[in-house]
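Step one of this worksheet: look at the structure below.
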Amino acid sequence: MFYRLSGVHHADYVSDSRIFKVPADRNLTAFIFLIGLAAPFIIPSLYLNSYMLPWLIWTAAALGLNLVTGWAGQLHLGYAAVMAVGAYSSIHAARFGVPWEFALIIGGLTSSVIGSLFAFAALRVKGLYLALTTLAMQFVMDWVLTHSPAISGGSHASLQSPTLALLGQEITTDTGFYYVAFGWCVLVTIFMLNLKRTGLGRALVAVREKDFAAAILGVNSFYYKILAFATSSFIAGVSGALLVATFFFLAAPEQFSVAVSIQVLAMVIVGGLGSIIGSYFGVALILLVPGIVNGLVVTLSDGLGMQINVETLAHIPNAVYGALIVIILLIEPLGLGKLYGNIRDYLMVWPFDQFKK
Amino acid sequence: MDWVFLSELAINGALTGLLYSLFAIGLVLIYKASSVPNLAQGGLTMVGAYVVLALARDVGLPLWLAIPLAAVVMFGLGFGIERVALRRLAGRPVVMILMLTLGLDIFLRGTTLAIWGGTSRSMELGVSYDPLFLGDIFISRIHLVGAGVALALFVGFMLFFQTRTGIKLRAIADDYMASWSVGISVERGVGLSWALASVVAVAAGVIWGEIQGVDQALSLLLLKGLTVAVLGGLDSILGAVIAGIILGVVENVGADFLDPLVGGGSRELIVAAVLILTVMIRPHGLFGRHDIERV
């Protein structure tokens, strides 16, 4: 455990552009991956189904938003609408009889097309104005969803998802659902890890930092912005479809409302813009902590014999969720990923205290 | 074409629009001073209305006393929010500031509802619900009162910006570096703009609370307020008033034409469309400054 940088020397470009430059990082990742694989046998099925599964799918979705907001630097307040497009088109395709593998891809591609519409706003304005435009687009999409029974599924405005089946196997058990979510999340993570190392990722970062400077370098910022929106929308679409297929089982417009868009953005920003491990932390914090705090409040009030109003209890998670966003931003504006990075850098060279970049 | 009906729609639309302006003035005040888009204005409006109600119902003060007292409380709250939260993020990328105000909005809403509950309450301002007849045209009294308040606030702020403090705020809006160098306390100015926006939120909360009841829906005014503020130019109070009237008329008349075509509920759609079109065609709005960076 001493000085884990010991013996790490990058003498050529190939070794310097590896995903994991330090063996310690690779070993930790492999360890976490194994835990993820073994989770159904370690974690009780209730927790697996109600905490781990949404955590993994939302992480995949948050990574998609991180691609467009963290890497390409384009604000996006309509992400849930893009997820909705993917979810609804996949489920309609699956109900029509298309095999799920293709239905998911159809959902992703439809999302890509619709999501690229958001990019046209990004070609005109940026920053605050882009955020407002995407917010307005989210409202338009919400409106279309709730006002077209053909899409949202008739009078009850809910659409039953057919049983998920992949590679000819019907998936009905909690373990099965978990592995689907796990697989998708790992896929997206691998994609994002590699994105950093490719020309595409570097071009996106160049566009984020200064688009005209990128243009001078020969990076076509229009092209890369559209590409960023299309790619992130594909991830959003498949994540949305999987979320409905493995977790909600019913698609309803309010699952993809403005509040959800804000929630995903909160996950990304609390986690840290452009940080992959941060997205995992951010999603965990935003998704799980309000519920845990509520549980604590209930236990505490029971223990102290206090009577807390039901309505108060119902709204405490929301207040906690808002407070979490504010507190994290005030403590560390670069997010939990940065906090993790600080600790990692410290441990990397422990017992010395210098981390040479 | 029924001209009486159309003018009734237009006049009531304009009055409603002025109520949106009431909300948007708060956004503009903060944006003008610190270029911060305050997405927590909806939450502030809600808190303002609930504080008035708490003072009037729970403490038992008469409404004419409760409203100014609530304004004082909110003045302090606005100042505090700027001091504790916004100041520490000054100079950070806009995405973090946006997220901070969104987080504040969620926090304010959650806390308000946790304390006072989500059941809709009524404001009971004592304005009669009988419509006012102007020839053949119905006009809602409370909308008229609200529009009056909005215009009064507008005139008040115009006068305020002529005072010494107001001139300081204008200087900060113009160039905060230059203001700093001549000894204006930029921090205090920005804090003051938050405090004033919170006071405006009380006014908006009271009027809108009377119209639609005091509940969570008050924070949904945000999209309309934002649209008005952007259409008017984010840093122009005059723009907010005029854009409010425009949006109100377009929304009311447009909804009347569109609703039968799409089966109701087209107001949201019109507002969103106005916002998108404004940003696409003229991002600096009607009266805003032309320094928006286009891509």
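Just so we're on the same page: first chain in the structure tokens is A, next is B, and so on; residues restart at 1 for each chain, and ligands are numbered from 1 in the order they show up.
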* To do: Kindly provide, as a list in words, the residues of chain B having any atom no farther than 6 Å from an atom of chain A, counting only C-alpha atoms.
  =>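 Written out as asked, the residues are Leu100, Gly103, Ile106, Phe107, Gly110, Thr111, Ala114, Gly117, Leu269, Ala272, Ile276, Arg294 and Val295 of chain B.
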* For Ile245 (chain B): contacts at 12 Å, only C-alpha atoms, fewer than 6 positions along chain excluded, given as a ChimeraX atom specification -> /B:10-22,24,147,150-151,224-225,227-229,231-232,238-239,251-252
* Could you give me, as a ChimeraX atom specification, each residue of region 100-347 of chain A that DSSP assigns to helix (DSSP H, G or I) when run on this structure's backbone? => /A:100-124,128-147,149-152,174-195,199-209,211-216,221-248,253-256,258-271,276-304,310-331,336-347
* **Picked from region 169-352 of chain A by DSSP as strand (DSSP E), as a list in words** => Gln169, Glu170, Leu250 and Ala251 of chain A
* Just how far from CA of Gln216 (chain B) is CA of Phe249 (chain A), in Å to one decimal? ->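 Answer for the CA of Phe249 (chain A) to CA of Gln216 (chain B) separation: 28.7 Å.
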